[in-house]
>>> print(open('data05.cif').read())   # mmCIF, C-alpha atoms
data_query
#
loop_
_atom_site.label_atom_id
_atom_site.label_comp_id
_atom_site.auth_asym_id
_atom_site.auth_seq_id
_atom_site.Cartn_x
_atom_site.Cartn_y
_atom_site.Cartn_z
CA MET C 1 3.55 23.94 -30.07
CA LEU C 2 2.02 26.66 -27.92
CA ASP C 3 0.41 28.24 -30.99
CA MET C 4 -1.25 24.92 -31.77
CA LEU C 5 -2.51 24.47 -28.19
CA ARG C 6 -3.81 28.02 -28.13
CA GLY C 7 -5.95 27.15 -31.13
CA ARG C 8 -4.58 29.46 -33.81
CA GLY C 9 -6.27 28.23 -36.92
CA ALA C 10 -7.00 24.82 -35.36
CA ASN C 11 -9.88 22.96 -33.77
CA GLY C 12 -10.33 22.54 -30.03
CA SER C 13 -10.24 19.18 -28.33
CA ASN C 14 -14.04 19.14 -28.08
CA GLY C 15 -14.49 19.76 -31.78
CA GLU C 16 -15.27 23.44 -31.49
CA LYS C 17 -13.54 25.76 -33.92
CA VAL C 18 -10.98 27.93 -32.20
CA GLY C 19 -9.60 31.13 -33.70
CA LEU C 20 -7.73 34.22 -32.70
CA GLY C 21 -10.75 35.67 -30.93
CA SER C 22 -11.32 32.78 -28.53
CA VAL C 23 -9.23 30.69 -26.17
CA ARG C 24 -9.61 27.00 -25.44
CA ARG C 25 -8.76 25.58 -22.05
CA PRO C 26 -6.08 22.90 -22.40
CA VAL C 27 -7.05 19.28 -21.83
CA VAL C 28 -6.12 18.45 -18.24
CA GLY C 29 -5.20 14.89 -17.30
CA LEU C 30 -4.83 13.42 -13.83
CA ALA C 31 -2.58 10.41 -13.16
CA LEU C 32 -3.35 8.81 -9.79
CA GLY C 33 -0.71 6.50 -8.33
CA GLY C 34 -1.04 3.34 -6.27
CA GLY C 35 -0.58 2.96 -2.52
CA ALA C 36 -3.56 1.07 -1.01
CA ALA C 37 -5.04 2.98 1.97
CA ARG C 38 -2.82 5.96 1.21
CA GLY C 39 -5.04 6.43 -1.83
CA PHE C 40 -7.55 8.29 0.33
CA ALA C 41 -5.19 11.26 -0.16
CA HIS C 42 -6.36 11.28 -3.79
CA ILE C 43 -9.81 12.30 -2.55
CA GLY C 44 -8.39 15.38 -0.87
CA ILE C 45 -6.48 16.22 -4.04
CA LEU C 46 -9.55 15.92 -6.26
CA ARG C 47 -11.70 17.96 -3.88
CA THR C 48 -9.11 20.75 -3.69
CA LEU C 49 -8.58 20.92 -7.45
CA ALA C 50 -12.32 21.06 -8.07
CA ALA C 51 -12.78 23.80 -5.46
CA ASN C 52 -10.28 25.89 -7.41
CA GLY C 53 -11.86 25.33 -10.81
CA ILE C 54 -9.44 22.63 -11.97
CA VAL C 55 -11.53 19.76 -13.31
CA PRO C 56 -9.68 16.98 -15.18
CA ASP C 57 -10.85 15.89 -18.62
CA VAL C 58 -8.85 12.65 -18.42
CA VAL C 59 -8.35 10.47 -15.34
CA VAL C 60 -6.01 7.48 -15.31
CA GLY C 61 -5.30 5.42 -12.22
CA THR C 62 -3.22 2.52 -11.02
CA SER C 63 -4.30 0.28 -8.12
CA ILE C 64 -6.08 2.44 -5.50
CA GLY C 65 -5.65 5.31 -7.96
CA ALA C 66 -7.89 3.40 -10.36
CA VAL C 67 -10.49 2.92 -7.61
CA VAL C 68 -10.56 6.61 -6.69
CA GLY C 69 -10.39 7.69 -10.33
CA GLY C 70 -13.13 5.31 -11.42
CA LEU C 71 -15.50 6.37 -8.65
CA TYR C 72 -14.73 10.03 -9.39
CA ALA C 73 -15.45 9.57 -13.10
CA ALA C 74 -18.71 7.80 -12.21
CA GLY C 75 -19.75 10.58 -9.83
CA ARG C 76 -19.59 8.27 -6.80
CA LEU C 77 -16.56 9.56 -4.93
CA ASP C 78 -18.74 10.40 -1.92
CA THR C 79 -19.43 6.69 -1.49
CA LEU C 80 -15.75 5.88 -0.97
CA GLU C 81 -15.19 8.87 1.30
CA ASP C 82 -18.19 8.05 3.48
CA TRP C 83 -17.08 4.42 3.75
CA GLY C 84 -13.56 5.41 4.77
CA ARG C 85 -14.74 7.89 7.38
CA SER C 86 -17.10 5.26 8.82
CA LEU C 87 -14.33 2.76 9.62
CA GLN C 88 -13.47 2.81 13.31
CA GLY C 89 -10.41 0.58 13.43
CA MET C 90 -8.52 -2.40 12.08
CA ARG C 91 -11.32 -4.72 13.16
CA ASN C 92 -13.55 -3.14 10.50
CA ILE C 93 -10.86 -3.66 7.87
CA ILE C 94 -10.40 -7.34 8.74
CA GLY C 95 -14.10 -7.85 8.15
CA TYR C 96 -13.54 -7.13 4.45
CA LEU C 97 -10.70 -9.64 4.08
CA ASP C 98 -12.15 -12.92 2.83
CA ILE C 99 -9.07 -15.01 3.65
CA ARG C 100 -8.55 -18.11 1.52
CA LEU C 101 -6.66 -21.31 2.30
CA ASN C 102 -6.18 -22.09 -1.38
CA GLY C 103 -6.29 -20.35 -4.71
CA SER C 104 -3.91 -17.81 -6.25
CA GLY C 105 -4.21 -15.14 -3.55
CA LEU C 106 -4.57 -14.91 0.23
CA ILE C 107 -7.65 -12.70 -0.18
CA GLY C 108 -10.43 -13.54 -2.58
CA GLY C 109 -11.49 -9.92 -2.85
CA GLU C 110 -15.18 -10.69 -3.26
CA LYS C 111 -16.29 -8.56 -0.30
CA LEU C 112 -14.44 -5.49 -1.54
CA ALA C 113 -15.61 -6.07 -5.12
CA THR C 114 -19.21 -6.36 -3.95
CA ARG C 115 -18.98 -3.01 -2.19
CA LEU C 116 -17.54 -1.38 -5.29
CA GLU C 117 -20.25 -2.95 -7.42
CA HIS C 118 -22.91 -1.46 -5.16
CA ALA C 119 -21.31 1.93 -5.80
CA VAL C 120 -20.98 1.84 -9.61
CA GLY C 121 -23.27 -1.03 -10.59
CA GLN C 122 -22.92 -2.15 -14.21
CA THR C 123 -21.55 1.19 -15.40
CA LEU C 124 -19.27 0.86 -18.43
CA ILE C 125 -16.06 2.82 -18.85
CA GLU C 126 -17.12 3.93 -22.32
CA ASP C 127 -20.29 5.48 -20.85
CA LEU C 128 -18.48 7.66 -18.30
CA PRO C 129 -18.73 11.44 -18.82
CA ILE C 130 -14.91 11.82 -18.85
CA LYS C 131 -12.10 9.71 -20.27
CA PHE C 132 -10.96 7.06 -17.80
CA ALA C 133 -8.48 4.21 -17.86
CA ALA C 134 -7.24 1.77 -15.24
CA VAL C 135 -3.76 0.28 -15.54
CA ALA C 136 -3.21 -3.42 -14.89
CA THR C 137 -0.50 -6.02 -15.58
CA GLU C 138 -0.94 -9.27 -17.47
CA VAL C 139 0.38 -12.16 -15.39
CA ARG C 140 2.09 -14.38 -17.94
CA THR C 141 3.51 -11.74 -20.29
CA GLY C 142 4.13 -8.68 -18.11
CA HIS C 143 2.21 -6.55 -20.62
CA GLU C 144 0.96 -3.18 -19.39
CA ILE C 145 -2.80 -3.23 -19.95
CA TRP C 146 -4.90 -0.06 -20.21
CA LEU C 147 -8.49 -0.93 -19.40
CA THR C 148 -10.61 1.53 -21.39
CA ARG C 149 -13.68 -0.63 -22.08
CA GLY C 150 -16.01 -2.79 -20.05
CA ARG C 151 -17.35 -2.59 -16.51
CA VAL C 152 -15.75 0.01 -14.28
CA VAL C 153 -15.79 -2.34 -11.28
CA ASP C 154 -13.86 -5.04 -13.18
CA ALA C 155 -11.21 -2.54 -14.26
CA MET C 156 -10.77 -1.23 -10.72
CA ARG C 157 -10.57 -4.71 -9.26
CA ALA C 158 -7.95 -5.86 -11.77
CA SER C 159 -5.87 -2.75 -11.20
CA TYR C 160 -5.59 -3.29 -7.42
CA ALA C 161 -5.07 -7.09 -7.47
CA LEU C 162 -1.78 -7.11 -5.55
CA PRO C 163 -0.02 -10.39 -6.46
CA GLY C 164 -0.09 -12.96 -3.69
CA ILE C 165 -2.61 -10.94 -1.69
CA PHE C 166 -5.55 -10.69 -4.10
CA SER C 167 -6.43 -13.26 -6.72
CA PRO C 168 -5.81 -12.27 -10.36
CA VAL C 169 -8.84 -11.03 -12.29
CA LEU C 170 -9.83 -12.48 -15.67
CA ILE C 171 -10.89 -9.81 -18.17
CA GLY C 172 -11.37 -10.99 -21.72
CA ASP C 173 -8.74 -13.69 -22.17
CA ARG C 174 -6.12 -12.12 -19.89
CA TRP C 175 -5.38 -12.73 -16.20
CA LEU C 176 -4.59 -9.33 -14.70
CA VAL C 177 -2.95 -8.11 -11.49
CA ASP C 178 -1.90 -4.80 -9.95
CA GLY C 179 -0.83 -2.18 -12.48
CA ALA C 180 1.85 -0.83 -10.12
CA LEU C 181 4.08 -3.68 -11.29
CA VAL C 182 4.59 -1.82 -14.56
CA ASN C 183 3.32 1.76 -14.22
CA PRO C 184 2.72 2.97 -10.64
CA VAL C 185 1.94 6.59 -11.63
CA PRO C 186 0.47 6.37 -15.16
CA VAL C 187 1.56 9.66 -16.71
CA SER C 188 2.13 8.03 -20.10
CA ALA C 189 -1.43 6.72 -20.24
CA ALA C 190 -2.89 10.14 -19.44
CA ARG C 191 -0.89 11.71 -22.28
CA ALA C 192 -1.92 8.96 -24.69
CA LEU C 193 -5.58 9.66 -23.91
CA GLY C 194 -5.16 13.27 -25.01
CA ALA C 195 -4.06 15.18 -21.92
CA GLU C 196 -2.05 18.31 -22.76
CA ILE C 197 -1.26 19.02 -19.12
CA VAL C 198 -0.72 16.04 -16.83
CA ILE C 199 -1.01 16.43 -13.07
CA ALA C 200 0.35 13.35 -11.30
CA ALA C 201 -0.17 12.27 -7.69
CA ASN C 202 2.58 10.06 -6.27
CA LEU C 203 1.81 8.43 -2.91
CA SER C 204 5.25 6.88 -2.36
CA SER C 205 7.54 9.88 -2.63
CA ASP C 206 8.51 9.94 1.06
CA ILE C 207 8.66 6.22 1.87
CA PHE C 208 12.24 5.40 0.89
CA THR C 209 13.74 8.88 0.67
CA HIS C 210 16.93 7.83 2.47
CA SER C 211 17.37 4.32 1.04
CA THR C 212 21.03 3.39 0.62
CA THR C 213 23.39 0.44 0.25
CA ILE C 214 24.68 -1.45 3.29
CA TYR C 215 28.09 -2.63 2.11
CA SER C 216 28.81 -5.14 4.88
CA HIS C 217 26.31 -6.99 7.01
CA GLY C 218 26.09 -10.30 8.83
CA ALA C 219 24.98 -12.00 12.03
CA MET C 220 25.17 -10.18 15.34
CA PRO C 221 27.99 -11.31 17.71
CA ASP C 222 25.52 -12.66 20.28
CA PRO C 223 22.21 -13.11 18.51
CA ALA C 224 19.15 -13.09 20.72
CA PRO C 225 17.30 -16.41 20.94
CA PRO C 226 14.32 -16.65 18.61
CA VAL C 227 10.96 -15.78 20.07
CA VAL C 228 8.89 -18.91 20.47
CA GLU C 229 5.19 -18.39 20.87
CA GLU C 230 3.50 -20.33 23.63
CA THR C 231 1.18 -23.08 22.51
CA THR C 232 -1.39 -23.98 25.14
CA PRO C 233 -4.46 -26.20 24.84
CA LYS C 234 -6.54 -23.03 25.03
CA ARG C 235 -4.79 -21.68 21.90
CA ARG C 236 -4.72 -24.97 20.02
CA PHE C 237 -8.48 -25.27 20.02
CA PRO C 238 -9.17 -22.29 17.74
CA ARG C 239 -6.27 -23.34 15.50
CA LEU C 240 -8.07 -26.61 14.81
CA PHE C 241 -11.53 -25.20 14.31
CA SER C 242 -10.96 -21.65 13.08
CA PRO C 243 -8.46 -21.71 10.21
CA GLU C 244 -9.67 -18.32 8.93
CA LYS C 245 -8.94 -16.67 12.27
CA THR C 246 -5.50 -18.29 12.33
CA MET C 247 -4.79 -17.14 8.79
CA LYS C 248 -5.70 -13.55 9.66
CA ARG C 249 -3.31 -13.66 12.63
CA GLU C 250 -0.53 -14.99 10.40
CA PHE C 251 -1.47 -12.46 7.73
CA PHE C 252 -0.82 -9.44 9.96
CA GLY C 253 2.00 -10.97 12.05
CA GLY C 254 2.80 -10.43 15.70
CA VAL C 255 5.20 -8.67 18.06
CA GLY C 256 8.74 -8.74 16.67
CA ARG C 257 7.76 -10.83 13.66
CA PRO C 258 6.42 -9.53 10.34
CA GLY C 259 3.33 -11.18 8.94
CA ILE C 260 2.82 -12.38 5.39
CA SER C 261 1.11 -9.14 4.44
CA SER C 262 3.82 -6.86 5.80
CA VAL C 263 6.60 -8.82 4.07
CA MET C 264 4.79 -8.78 0.74
CA VAL C 265 3.69 -5.16 1.02
CA ASP C 266 7.16 -3.95 2.05
CA ALA C 267 8.67 -5.82 -0.89
CA PHE C 268 6.06 -4.33 -3.18
CA ASN C 269 6.72 -0.86 -1.75
CA ILE C 270 10.42 -1.14 -2.56
CA MET C 271 9.74 -2.34 -6.09
CA GLN C 272 7.10 0.31 -6.70
CA ASP C 273 9.39 3.07 -5.44
CA ARG C 274 12.16 2.06 -7.84
CA ILE C 275 9.80 1.70 -10.81
CA THR C 276 8.10 5.02 -10.04
CA ARG C 277 11.41 6.89 -9.96
CA ALA C 278 12.42 5.38 -13.29
CA ARG C 279 9.09 5.99 -15.03
CA LEU C 280 8.74 9.59 -13.80
CA ALA C 281 12.31 10.35 -14.84
CA GLY C 282 11.62 9.09 -18.36
CA ASP C 283 8.16 10.62 -18.72
CA PRO C 284 7.74 13.36 -16.11
CA PRO C 285 4.35 14.98 -15.51
CA ASP C 286 3.85 18.70 -15.95
CA LEU C 287 2.95 19.00 -12.25
CA LEU C 288 3.64 16.49 -9.48
CA ILE C 289 1.62 16.38 -6.25
CA THR C 290 3.31 14.44 -3.45
CA PRO C 291 1.24 13.95 -0.28
CA ARG C 292 3.42 13.16 2.72
CA VAL C 293 1.73 9.88 3.61
CA GLY C 294 4.70 7.55 3.99
CA GLN C 295 3.92 7.04 7.69
CA PHE C 296 0.58 5.42 6.86
CA GLY C 297 0.35 1.66 6.30
CA TRP C 298 -1.25 -0.01 3.31
CA PHE C 299 -4.15 -1.27 5.43
CA ASP C 300 -4.80 1.96 7.38
CA PHE C 301 -8.12 2.53 5.65
CA HIS C 302 -9.62 3.54 8.98
CA ARG C 303 -7.38 6.64 8.93
CA ALA C 304 -9.19 8.07 5.92
CA GLU C 305 -9.81 11.47 7.50
CA ASP C 306 -6.10 12.10 8.11
CA LEU C 307 -5.16 10.84 4.66
CA ILE C 308 -7.71 13.05 2.93
CA ALA C 309 -6.38 16.04 4.87
CA HIS C 310 -2.84 15.27 3.69
CA GLY C 311 -4.13 15.20 0.12
CA VAL C 312 -5.77 18.59 0.57
CA ARG C 313 -2.55 20.14 1.89
CA ALA C 314 -0.46 18.64 -0.91
CA ALA C 315 -2.83 19.94 -3.58
CA GLU C 316 -2.91 23.40 -2.00
CA ARG C 317 0.89 23.55 -2.17
CA ALA C 318 0.74 22.82 -5.91
CA LEU C 319 -2.16 25.13 -6.87
CA ASP C 320 -0.09 28.11 -7.97
CA SER C 321 2.09 25.95 -10.21
CA ILE C 322 -0.93 24.22 -11.74
CA GLN C 323 -2.71 27.50 -12.47
CA GLU C 324 0.46 28.92 -13.98
CA ALA C 325 0.87 25.94 -16.31
CA ILE C 326 -2.74 26.21 -17.46
CA GLU C 327 -2.38 29.94 -18.12
CA VAL C 328 0.80 29.39 -20.16
CA LEU C 329 -1.04 27.04 -22.49
CA ALA C 330 -4.26 29.07 -22.51
CA PRO C 331 -3.61 32.71 -21.51
CA ALA C 332 -6.48 35.06 -20.77
CA PRO C 333 -7.90 36.95 -23.82
CA ALA C 334 -6.19 40.28 -24.48
CA GLY C 335 -9.32 42.22 -23.51
CA ASN C 336 -9.29 40.65 -20.06
CA ALA C 337 -5.59 41.17 -19.38
CA PRO C 338 -4.80 42.83 -16.06
CA LYS C 339 -4.20 46.57 -16.30
CA THR C 340 -0.70 47.91 -15.89
CA ASP C 341 0.20 51.12 -14.10
CA ALA C 342 0.68 52.82 -17.47
CA SER C 343 -2.79 51.83 -18.69
CA LYS C 344 -4.35 53.03 -15.45
CA ALA C 345 -2.64 56.43 -15.90
CA ASP C 346 -4.13 56.81 -19.38
CA GLU C 347 -7.70 56.46 -18.05
#
>>> encode(input="data05.cif", output="structure tokens")
Amino acid sequence: MLDMLRGRGANGSNGEKVGLGSVRRPVVGLALGGGAARGFAHIGILRTLAANGIVPDVVVGTSIGAVVGGLYAAGRLDTLEDWGRSLQGMRNIIGYLDIRLNGSGLIGGEKLATRLEHAVGQTLIEDLPIKFAAVATEVRTGHEIWLTRGRVVDAMRASYALPGIFSPVLIGDRWLVDGALVNPVPVSAARALGAEIVIAANLSSDIFTHSTTIYSHGAMPDPAPPVVEETTPKRRFPRLFSPEKTMKREFFGGVGRPGISSVMVDAFNIMQDRITRARLAGDPPDLLITPRVGQFGWFDFHRAEDLIAHGVRAAERALDSIQEAIEVLAPAPAGNAPKTDASKADE
């Protein structure tokens, strides 16, 4: 296998003939996992890899990983980073949530999609300079869908359409939702697209590290009375005339009571964690980067600077292992090998 990858009597991945006298760099794939706002850590990972000469030939992403990967492949990663760093607080985030009172999701997603479309325009996946795929899930069948053709913005939007939160996206004749339902860290897709070394970034590695089974649980001996929110004429007025504002308040919840979003996101986190563990055990990457971002919420987009920094630190911890793996598959030519003490003595 190594002889084949080193190009002995074979052709390189880019079609160039490779023989004993030359060495081909192995095809590097990057699998970017889902995690909503935590996905800003992917930016720090990409920046650090590039600064150290590690540029992926294949990028596959799920959910926010598809957004970061798609913008990276299109050369527009700066747009996402600048937007994240410009957010000053949760109020800015709420401005992008076009809450609906009907339909198949609480958030229409048009505002976010419009911003992404401004970044990549009508760019097609097949026109990108590197191989890219976004992973999504078909609603009615549960099929894992690899979006490798069509508009980049449509693929990204389908991949992050969290069920119940965002409306499904129709691409072709399929209604698609978040790819994390089936493949949260798409190592398998990166390999299928030709990657010989797969570097994966998992954003949920430290969320449920100590999850366990509670064998016996029930009501407390003296349960506290339920918290009843006051309803005054002053508060009823906006409920009657501002349903969107009310929906946003219910969406995020209040003191001592989880909102719709937190219940759904926590449930999705649990499911994604279990699926990720199973998928990575069955098809492990060659290198795994695990930013410690479990303390960040899914909607903490305004904390982009901290998240990017966590990504940088995680990538730096993995650099030596990544370089070593690349060198194993494509060692330096014999003429450039480091000199040993014996060779120095002969000079």
>>> atom_distance(input="data05.cif", atom1="atom CA of Ala136 of chain C", atom2="atom CA of Asp78 of chain C")
24.5 Å
>>> atom_distance(input="data05.cif", atom1="atom CA of Leu288 of chain C", atom2="atom CA of Leu319 of chain C")
10.7 Å
>>> closest_atom_pairs(input="data05.cif", of="segment 97-215 of chain C", to="segment 26-49 of chain C", cutoff="7 Å", atoms="all atoms listed in the file", output="JSON lines")
{"residue": "C:Ala180", "atom": "CA", "partner": "C:Gly34", "partner_atom": "CA", "distance": 6.4}
{"residue": "C:Pro184", "atom": "CA", "partner": "C:Gly33", "partner_atom": "CA", "distance": 5.4}
{"residue": "C:Val185", "atom": "CA", "partner": "C:Gly33", "partner_atom": "CA", "distance": 4.2}
{"residue": "C:Pro186", "atom": "CA", "partner": "C:Ala31", "partner_atom": "CA", "distance": 5.4}
{"residue": "C:Val187", "atom": "CA", "partner": "C:Ala31", "partner_atom": "CA", "distance": 5.5}
{"residue": "C:Ala190", "atom": "CA", "partner": "C:Gly29", "partner_atom": "CA", "distance": 5.7}
{"residue": "C:Ala195", "atom": "CA", "partner": "C:Gly29", "partner_atom": "CA", "distance": 4.8}
{"residue": "C:Glu196", "atom": "CA", "partner": "C:Val27", "partner_atom": "CA", "distance": 5.2}
{"residue": "C:Ile197", "atom": "CA", "partner": "C:Val28", "partner_atom": "CA", "distance": 5.0}
{"residue": "C:Val198", "atom": "CA", "partner": "C:Gly29", "partner_atom": "CA", "distance": 4.6}
{"residue": "C:Ile199", "atom": "CA", "partner": "C:Leu30", "partner_atom": "CA", "distance": 4.9}
{"residue": "C:Ala200", "atom": "CA", "partner": "C:Ala31", "partner_atom": "CA", "distance": 4.5}
{"residue": "C:Ala201", "atom": "CA", "partner": "C:Leu32", "partner_atom": "CA", "distance": 5.1}
{"residue": "C:Asn202", "atom": "CA", "partner": "C:Gly33", "partner_atom": "CA", "distance": 5.3}
{"residue": "C:Leu203", "atom": "CA", "partner": "C:Gly35", "partner_atom": "CA", "distance": 6.0}
>>> closest_residue(input="data05.cif", among="C:Val153, C:Leu124, C:Ala325, C:Leu170", to="Glu138 of chain C", atoms="all atoms listed in the file")
C:Leu170
>>> resolve_selection(input="data05.cif", expression="the PyMOL selection byres ((chain C and resi 303) around 10)", output="count of residues only")
21
>>> residues_around(input="data05.cif", residues="Asp173 of chain C", least_positions_apart="2", cutoff="12 Å", atoms="all atoms listed in the file", output="list of chain:residue names")
C:Glu138, C:Val139, C:Arg140, C:Val169, C:Leu170, C:Ile171, C:Trp175, C:Leu176
>>> closest_residue(input="data05.cif", among="C:Thr114, C:Ser204, C:Thr148, C:Gln272", to="Val293 of chain C", atoms="all atoms listed in the file")
C:Ser204
>>> resolve_selection(input="data05.cif", expression="the PyMOL selection byres ((chain C and resi 116) around 9)", output="PyMOL selection string")
chain C and resi 67+71+80+111-115+117-121+153+156-157
>>> resolve_selection(input="data05.cif", expression="the PyMOL selection byres ((chain C and resi 313) around 10)", output="number ranges by chain")
C: 41, 44-45, 48, 289-292, 308-312, 314-318
>>> atom_distance(input="data05.cif", atom1="atom CA of Pro168 of chain C", atom2="atom CA of Phe132 of chain C")
21.3 Å
>>> closest_residue(input="data05.cif", among="C:Leu280, C:Ala66, C:Leu162, C:Ala219", to="Trp298 of chain C", atoms="all atoms listed in the file")
C:Leu162
>>> axis_aligned_box(input="data05.cif", around="segment 110-122 of chain C", padding_each_side="8 Å", output="JSON")
{"center_x": -18.9, "center_y": -4.4, "center_z": -7.3, "size_x": 24.8, "size_y": 28.6, "size_z": 29.9}
>>> residues_near_point(input="data05.cif", point="(-23.3, -4.2, -16.5)", cutoff="9 Å", atoms="all atoms listed in the file", output="VMD selection string")
chain C and resid 121 to 124 150 to 152
>>> residues_around(input="data05.cif", residues="Val135 of chain C", least_positions_apart="4", cutoff="9 Å", atoms="only C-alpha atoms", output="MDAnalysis selection string")
chainID C and resid 60:63 66 144:147 155:156 158:159 178:180 182:184 186 189
